[in-house]
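**Student:** What follows is start_8.cif, made up of mmCIF, C-alpha atoms:
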```cif
data_run
#
loop_
_atom_site.label_atom_id
_atom_site.label_comp_id
_atom_site.auth_asym_id
_atom_site.auth_seq_id
_atom_site.Cartn_x
_atom_site.Cartn_y
_atom_site.Cartn_z
CA MET A 1 -123.17 24.46 11.29
CA PRO A 2 -121.25 25.53 8.08
CA LYS A 3 -123.27 26.06 4.95
CA LEU A 4 -122.76 23.37 2.30
CA LEU A 5 -121.89 24.50 -1.25
CA SER A 6 -124.35 23.69 -3.98
CA LYS A 7 -123.29 21.74 -7.03
CA SER A 8 -123.38 24.91 -9.16
CA ASP A 9 -121.16 26.78 -6.70
CA THR A 10 -118.67 23.89 -6.74
CA ASN A 11 -118.54 23.99 -10.52
CA LYS A 12 -117.93 27.76 -10.43
CA PHE A 13 -114.95 27.35 -8.08
CA ARG A 14 -113.54 24.52 -10.19
CA HIS A 15 -113.90 26.58 -13.39
CA LYS A 16 -112.26 29.59 -11.73
CA GLY A 17 -109.36 27.43 -10.53
CA GLN A 18 -108.82 26.02 -14.02
CA LEU A 19 -108.76 29.57 -15.47
CA ASN A 20 -106.21 30.71 -12.86
CA PHE A 21 -104.00 27.67 -13.59
CA LYS A 22 -104.13 28.35 -17.35
CA LYS A 23 -103.20 32.01 -16.76
CA TYR A 24 -100.29 30.86 -14.53
CA VAL A 25 -98.99 28.44 -17.17
CA LEU A 26 -99.45 30.99 -19.98
CA LYS A 27 -97.63 33.65 -17.98
CA TYR A 28 -94.53 31.47 -17.45
CA TYR A 29 -94.67 30.13 -20.99
CA VAL A 30 -94.50 33.69 -22.33
CA TRP A 31 -91.53 34.47 -20.05
CA PHE A 32 -89.86 31.26 -21.16
CA LEU A 33 -90.23 32.30 -24.81
CA ILE A 34 -88.98 35.81 -24.06
CA LEU A 35 -85.81 34.43 -22.45
CA PHE A 36 -85.22 31.21 -24.39
CA VAL A 37 -85.63 32.47 -27.96
CA PRO A 38 -83.01 35.26 -27.75
CA LEU A 39 -80.60 32.98 -25.90
CA SER A 40 -81.07 30.27 -28.54
CA ILE A 41 -80.41 32.77 -31.29
CA ILE A 42 -77.21 33.93 -29.55
CA VAL A 43 -75.97 30.37 -28.94
CA PHE A 44 -76.64 29.17 -32.49
CA ALA A 45 -75.14 32.38 -33.86
CA LYS A 46 -71.96 31.75 -31.85
CA ILE A 47 -71.81 28.15 -33.07
CA GLY A 48 -72.27 29.31 -36.64
CA VAL A 49 -69.62 32.01 -36.33
CA TYR A 50 -67.20 29.55 -34.66
CA LYS A 51 -67.68 27.03 -37.47
CA LEU A 52 -67.43 29.67 -40.18
CA PHE A 53 -64.34 31.42 -38.89
CA PHE A 54 -62.57 28.68 -36.92
CA SER A 55 -63.47 24.97 -36.93
CA THR A 56 -64.17 24.75 -40.69
CA ASN A 57 -61.91 27.58 -41.83
CA ASP A 58 -59.24 26.27 -44.22
CA HIS A 59 -56.86 28.94 -42.91
CA PHE A 60 -56.57 26.89 -39.70
CA ASN A 61 -56.07 23.48 -41.31
CA LEU A 62 -53.84 21.30 -39.15
CA ASN A 63 -50.46 21.03 -40.85
CA ARG A 64 -48.11 20.19 -37.99
CA ILE A 65 -48.20 18.37 -34.67
CA ASN A 66 -45.18 19.34 -32.60
CA ILE A 67 -44.38 16.93 -29.78
CA GLU A 68 -42.09 17.86 -26.90
CA ILE A 69 -41.10 15.01 -24.57
CA GLN A 70 -40.64 16.77 -21.24
CA LYS A 71 -40.06 13.52 -19.34
CA GLY A 72 -40.27 9.88 -20.25
CA ASN A 73 -38.60 6.97 -21.91
CA PHE A 74 -40.18 6.89 -25.38
CA SER A 75 -39.88 8.64 -28.73
CA GLU A 76 -41.93 11.27 -30.58
CA ASP A 77 -42.81 8.60 -33.15
CA TYR A 78 -44.35 6.52 -30.38
CA VAL A 79 -46.57 9.44 -29.33
CA HIS A 80 -47.54 10.05 -32.98
CA SER A 81 -48.69 6.43 -33.19
CA LEU A 82 -51.18 7.10 -30.36
CA ILE A 83 -52.78 10.16 -31.97
CA LYS A 84 -56.05 9.51 -33.80
CA ILE A 85 -56.41 12.71 -35.81
CA SER A 86 -55.86 13.50 -39.48
CA SER A 87 -53.96 16.59 -40.57
CA GLU A 88 -55.78 16.43 -43.93
CA GLN A 89 -59.31 16.65 -42.50
CA ASP A 90 -59.04 18.61 -39.25
CA THR A 91 -58.43 22.21 -38.32
CA ILE A 92 -56.76 23.07 -35.03
CA PHE A 93 -60.12 24.34 -33.73
CA SER A 94 -62.12 21.25 -34.71
CA ILE A 95 -59.91 19.10 -32.45
CA ASN A 96 -61.08 18.72 -28.87
CA PRO A 97 -58.00 19.18 -26.60
CA GLY A 98 -59.70 17.37 -23.71
CA LYS A 99 -60.51 14.33 -25.84
CA LEU A 100 -56.99 14.24 -27.29
CA ARG A 101 -55.52 14.51 -23.79
CA PHE A 102 -57.76 11.67 -22.58
CA GLU A 103 -56.71 9.40 -25.46
CA LEU A 104 -53.01 9.95 -24.77
CA LEU A 105 -53.39 9.45 -21.02
CA ALA A 106 -54.91 6.02 -21.73
CA ASP A 107 -51.35 4.83 -22.39
CA PRO A 108 -49.76 3.75 -19.08
CA LEU A 109 -46.39 5.25 -20.03
CA ILE A 110 -47.86 8.76 -20.17
CA GLN A 111 -48.52 10.61 -16.91
CA LYS A 112 -49.45 14.13 -18.03
CA VAL A 113 -50.30 15.89 -21.32
CA GLU A 114 -50.55 19.58 -22.21
CA VAL A 115 -52.26 20.56 -25.50
CA ARG A 116 -51.88 24.02 -27.05
CA ARG A 117 -53.02 25.53 -30.34
CA LEU A 118 -50.37 27.58 -32.16
CA LEU A 119 -51.94 29.76 -34.84
CA PRO A 120 -52.51 29.25 -37.64
CA ASP A 121 -51.88 25.53 -38.24
CA THR A 122 -50.01 23.79 -35.39
CA LEU A 123 -50.81 21.70 -32.35
CA LEU A 124 -48.21 21.60 -29.58
CA LEU A 125 -48.22 18.55 -27.30
CA LYS A 126 -46.08 18.54 -24.17
CA ILE A 127 -45.74 14.97 -22.93
CA TYR A 128 -44.71 13.98 -19.42
CA GLY A 129 -44.03 10.25 -19.29
CA ARG A 130 -43.76 7.97 -16.32
CA THR A 131 -40.15 7.52 -15.24
CA PRO A 132 -39.12 3.99 -14.21
CA ILE A 133 -37.67 3.57 -10.76
CA ALA A 134 -37.07 -0.20 -10.68
CA GLN A 135 -37.52 -3.43 -12.61
CA LEU A 136 -39.46 -6.54 -11.70
CA ILE A 137 -37.15 -9.47 -12.34
CA ASN A 138 -39.92 -11.97 -11.53
CA ASN A 139 -41.98 -10.67 -14.41
CA ASP A 140 -39.52 -10.80 -17.29
CA GLY A 141 -37.91 -7.51 -16.48
CA ARG A 142 -40.87 -5.15 -16.71
CA LEU A 143 -40.45 -1.76 -15.06
CA ILE A 144 -42.44 0.18 -12.47
CA ASP A 145 -42.54 3.88 -11.67
CA SER A 146 -42.66 5.75 -8.37
CA ASP A 147 -46.45 5.26 -8.18
CA GLY A 148 -46.09 1.49 -8.45
CA ILE A 149 -47.56 1.42 -11.96
CA ILE A 150 -46.23 -1.39 -14.17
CA LEU A 151 -44.74 -0.11 -17.42
CA GLY A 152 -44.55 -2.02 -20.68
CA ASP A 153 -41.59 -4.07 -21.90
CA ARG A 154 -40.80 -1.63 -24.69
CA LEU A 155 -38.29 -0.17 -22.21
CA LYS A 156 -36.30 -3.37 -21.80
CA LYS A 157 -33.25 -1.88 -23.50
CA ASP A 158 -32.70 0.22 -20.35
CA LEU A 159 -33.11 -2.55 -17.78
CA LYS A 160 -29.46 -2.49 -16.71
CA THR A 161 -29.86 1.04 -15.35
CA TRP A 162 -32.62 0.19 -12.88
CA PRO A 163 -32.41 -1.71 -9.57
CA ILE A 164 -34.34 -4.96 -9.25
CA ILE A 165 -37.26 -5.57 -6.89
CA THR A 166 -37.81 -9.25 -6.28
CA GLY A 167 -39.96 -11.41 -4.02
CA ILE A 168 -43.33 -10.02 -5.14
CA GLN A 169 -46.11 -12.59 -4.89
CA ASN A 170 -48.39 -13.15 -7.91
CA VAL A 171 -46.56 -10.47 -9.88
CA LYS A 172 -47.23 -12.23 -13.19
CA SER A 173 -50.94 -11.67 -12.76
CA PHE A 174 -50.48 -7.89 -13.01
CA LYS A 175 -50.77 -6.28 -16.44
CA THR A 176 -49.16 -3.18 -17.89
CA GLY A 177 -50.84 -0.10 -16.43
CA GLU A 178 -51.93 -1.81 -13.21
CA VAL A 179 -50.73 -0.73 -9.78
CA LEU A 180 -48.70 -2.97 -7.46
CA ASP A 181 -50.33 -2.19 -4.12
CA ASN A 182 -48.37 -4.69 -2.02
CA PRO A 183 -47.30 -2.78 1.17
CA LEU A 184 -43.69 -4.01 0.91
CA VAL A 185 -43.54 -3.00 -2.76
CA ILE A 186 -44.72 0.46 -1.77
CA LYS A 187 -42.00 0.59 0.90
CA ALA A 188 -39.34 -0.55 -1.58
CA ILE A 189 -40.37 2.19 -4.02
CA HIS A 190 -40.45 4.71 -1.19
CA PHE A 191 -36.94 3.66 -0.13
CA LEU A 192 -35.58 4.12 -3.67
CA SER A 193 -37.19 7.58 -3.92
CA HIS A 194 -36.36 8.67 -0.38
CA LYS A 195 -32.66 7.81 -0.50
CA GLU A 196 -32.23 10.15 -3.47
CA LEU A 197 -33.42 13.03 -1.31
CA MET A 198 -31.13 12.26 1.61
CA LYS A 199 -27.81 14.02 2.04
CA ASN A 200 -25.63 10.90 1.53
CA GLY A 201 -28.22 8.68 -0.10
CA TYR A 202 -26.12 8.49 -3.27
CA TRP A 203 -23.66 6.29 -1.37
CA LEU A 204 -26.16 3.43 -1.75
CA ASP A 205 -25.89 2.14 -5.32
CA VAL A 206 -28.76 -0.34 -5.18
CA LYS A 207 -28.50 -3.55 -7.16
CA LEU A 208 -31.50 -5.45 -5.79
CA VAL A 209 -34.27 -5.02 -3.23
CA GLN A 210 -35.58 -8.32 -1.92
CA LEU A 211 -38.97 -8.27 -0.20
CA ASN A 212 -38.97 -10.44 2.90
CA GLU A 213 -42.66 -10.98 3.63
CA ASN A 214 -42.04 -13.31 6.59
CA ASP A 215 -40.02 -10.75 8.55
CA ASN A 216 -41.74 -7.69 7.05
CA GLU A 217 -38.44 -6.18 5.95
CA LEU A 218 -36.38 -5.14 2.92
CA ARG A 219 -33.04 -6.79 2.15
CA ILE A 220 -31.08 -4.39 -0.05
CA TYR A 221 -28.06 -5.60 -2.02
CA LEU A 222 -25.58 -2.92 -3.05
CA ASN A 223 -23.07 -2.44 -5.84
CA PRO A 224 -19.49 -1.75 -4.67
CA LYS A 225 -18.30 1.82 -4.19
CA GLU A 226 -14.59 2.32 -3.74
CA ASN A 227 -14.78 5.75 -2.10
CA THR A 228 -17.34 4.55 0.47
CA PHE A 229 -15.64 1.18 1.12
CA ILE A 230 -18.93 -0.63 0.41
CA LYS A 231 -18.25 -4.16 -0.79
CA ASN A 232 -19.92 -5.89 -3.73
CA ASN A 233 -23.30 -7.37 -2.73
CA ALA A 234 -23.16 -5.65 0.64
CA VAL A 235 -26.48 -6.12 2.44
CA LEU A 236 -28.55 -3.42 4.12
CA ILE A 237 -31.64 -4.64 5.97
CA LEU A 238 -34.45 -2.16 6.70
CA PRO A 239 -37.73 -2.70 8.54
CA ARG A 240 -41.05 -1.83 6.93
CA GLU A 241 -42.06 0.22 9.97
CA ASN A 242 -40.00 3.35 10.67
CA MET A 243 -37.97 2.69 7.53
CA GLU A 244 -36.86 6.33 7.16
CA GLN A 245 -35.37 6.45 10.66
CA ALA A 246 -33.62 3.12 10.16
CA LEU A 247 -32.14 4.32 6.86
CA ALA A 248 -30.88 7.51 8.53
CA LYS A 249 -29.13 5.40 11.22
CA ALA A 250 -27.53 3.18 8.58
CA LEU A 251 -26.14 6.24 6.78
CA GLU A 252 -24.77 7.58 10.08
CA ILE A 253 -22.97 4.26 10.58
CA LEU A 254 -21.59 4.43 7.04
CA THR A 255 -20.34 7.97 7.68
CA VAL A 256 -18.29 6.81 10.66
CA ARG A 257 -16.94 3.77 8.80
CA ILE A 258 -15.98 5.81 5.73
CA GLN A 259 -14.11 8.30 7.89
CA ALA A 260 -12.24 5.36 9.47
CA GLN A 261 -11.78 3.78 6.01
CA GLN A 262 -13.44 0.58 7.21
CA PRO A 263 -15.11 -1.69 4.62
CA THR A 264 -18.79 -2.57 5.01
CA SER A 265 -20.56 -5.71 3.83
CA TYR A 266 -23.56 -5.88 6.18
CA ILE A 267 -25.77 -3.50 8.17
CA ASN A 268 -28.93 -4.74 9.87
CA ALA A 269 -30.89 -1.57 10.69
CA THR A 270 -33.95 -3.47 11.91
CA TYR A 271 -32.37 -3.26 15.39
CA GLN A 272 -33.03 -0.05 17.28
CA ARG A 273 -29.84 -0.38 19.37
CA LYS A 274 -26.49 -2.04 18.81
CA ILE A 275 -27.06 -2.38 15.06
CA PRO A 276 -25.09 -5.37 13.70
CA VAL A 277 -22.39 -4.36 11.21
CA ARG A 278 -19.85 -6.53 9.41
CA PRO A 279 -16.77 -5.49 7.40
#
```
Would it be possible to restate this file's structure as structure tokens?
**Tutor:**
Amino acid sequence: MPKLLSKSDTNKFRHKGQLNFKKYVLKYYVWFLILFVPLSIIVFAKIGVYKLFFSTNDHFNLNRINIEIQKGNFSEDYVHSLIKISSEQDTIFSINPGKLRFELLADPLIQKVEVRRLLPDTLLLKIYGRTPIAQLINNDGRLIDSDGIILGDRLKKDLKTWPIITGIQNVKSFKTGEVLDNPLVIKAIHFLSHKELMKNGYWLDVKLVQLNENDNELRIYLNPKENTFIKNNAVLILPRENMEQALAKALEILTVRIQAQQPTSYINATYQRKIPVRP
């Protein structure tokens, strides 16, 4: 039978355990001080040096903000209106590039921003705006880009240059900066982008893309082209599924008809065989 510890022996073990725990804590506390204090001194010294020589140094006062519009449909003045910094109070090192980039990207017209400091007194902003690809006639002519993002109406002066997408349900409920995620809208945008990459895609001067939800297809109305014999308001119908293959077949048909100098007013490429064509 094991021997039971007396009350005094129990107290001795408890006291010894408390001493060992205190030594353990003291040991790691000393190591913490040894490591933390020098690191703190280094960090605060760096902060002090940075403030002294950079962020509060008058030599680096912000005097100019150069804006380069790499892509987009807006002016430098418009970008200036979005910037919330003061050239009288800030140096180029007191401005947080990440914060400035975030503020500019909050505008739905802007897709990408690059911020660079040019010593001693200049900030360079390279702005990549969203490029419209079509207009939404059902929503007072607002534009959308290749990602389906609705752009503001400040671009209305250029509406004539963009094809129309119509037949979008509840389009008025979408606000500037929101994404149109309707599958047929996505296909219409994809069609407009894809045809530009195809060998003879430029033959199709698109006037309007009508979304046909019932038949799950796109009805594309074209502007006339004399050298391709395409008539005004000629109709090209494409299915939502396998749209790329159907478009390729339609362009093959156009190639044959152009070589024969035959006019075209209608191609229904939703058929896999014996595609209906009208002069």
**Student:** May I ask which of the residues A:Ser81, A:Asn242, A:Gln111, A:Thr228 is the closest one to A:Val256, counting all atoms listed in the file?
**Tutor:**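 Among the listed residues, the smallest separation from A:Val256 belongs to A:Thr228.
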**Student:** What is the atom CA of A:Leu82-atom CA of A:Asn61 distance in Å, reported with one decimal?
**Tutor:**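 We find that atom CA of A:Leu82 and atom CA of A:Asn61 lie 20.3 Å from each other.
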**Student:** Could you please determine the separation between atom CA of A:Lys99 and atom CA of A:Asn73 in Å, to one decimal place?
**Tutor:**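 Separation of atom CA of A:Lys99 and atom CA of A:Asn73: 23.4 Å.
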**Student:** Pick out the residues sitting within 8 Å of A:Lys71, and hand them over as a ChimeraX atom specification; count only C-alpha atoms, and ignore anything fewer than 3 positions along from it in its own chain.
**Tutor:** /A:127-131
**Student:** Fewer than 4 positions away in the same chain doesn't count, so skip those; otherwise give me all residues within 8 Å of A:Val206, counting only C-alpha atoms, as a list in words.
**Tutor:**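 The contact residues come out as Pro163, Ile220, Tyr221, Leu222 and Asn223 of chain A.
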**Student:** Quick one: pull the distance between atom CA of A:Arg101 and atom CA of A:Leu123, Å, one decimal.
**Tutor:**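 Atom-to-atom, atom CA of A:Arg101 to atom CA of A:Leu123, that is 12.1 Å.
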**Student:** For a quick check of understanding, using only C-alpha atoms, which of A:Ser193, A:Pro263, A:Lys207, A:Pro183 has the smallest distance to A:Glu241?
**Tutor:**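 Smallest separation from A:Glu241 among the options: A:Pro183.
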**Student:** Using only C-alpha atoms, find the one residue out of A:Ile67, A:Met243, A:Ile258, A:Ile95 that sits nearest to A:His194.
**Tutor:** A:Met243
**Student:** When you count only C-alpha atoms, which of these residues is closest to A:Leu151: A:Ile133, A:Leu109, A:Leu125, A:Leu218?
**Tutor:**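 The shortest atom-to-atom distance to A:Leu151 comes from A:Leu109.
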**Student:** Which of these residues is nearest to A:Gly148, using all atoms listed in the file: A:Glu226, A:Glu244, A:Glu178, A:Glu252?
**Tutor:**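 Residue with the minimum atom-to-atom distance to A:Gly148: A:Glu178.
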**Student:** Run the PyMOL selection byres ((chain A and resi 170) around 12) against the file shown and list the residues it catches, as a VMD selection string.
**Tutor:** chain A and resid 136 138 to 139 166 to 169 171 to 175 180 to 182
**Student:** Using only C-alpha atoms, which protein or nucleic acid residues come within 8 Å of A:Thr176? Drop anything in the same chain fewer than 3 positions from it, and give the result as a list of chain:residue names.
**Tutor:**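 So, after excluding close chain neighbours, the residues are A:Pro108, A:Ile149, A:Ile150, A:Leu151, A:Gly152.
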**Student:** Could you give me the centre and size, in Å to one decimal, of an axis-aligned box around all listed atoms of stretch 224-233 of chain A with 6 Å added on every side, as lines of an AutoDock Vina configuration file?
**Tutor:**
```
center_x = -18.9
center_y = -0.8
center_z = -1.8
size_x = 20.7
size_y = 25.1
size_z = 17.8
```
**Student:** Would you mind listing what lies within 9 Å of A:Lys126 as a PyMOL selection string, with only C-alpha atoms counted and same-chain residues fewer than 2 positions away left out?
**Tutor:** chain A and resi 66-70+112-116+124+128
**Student:** Determine the residue membership of the PyMOL selection byres ((chain A and resi 62) around 7) for the file above and supply it as a list in words.
**Tutor:**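 Going through the file, the PyMOL selection byres ((chain A and resi 62) around 7) ends up selecting Phe60, Asn61, Asn63, Arg64, Ser87, Asp90, Thr91, Ile92, Asp121 and Thr122 of chain A.
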**Student:** For a quick check of understanding, using only C-alpha atoms, which of A:Leu118, A:Ile83, A:Leu184, A:Val235 has the smallest distance to A:Ala106?
**Tutor:** A:Ile83
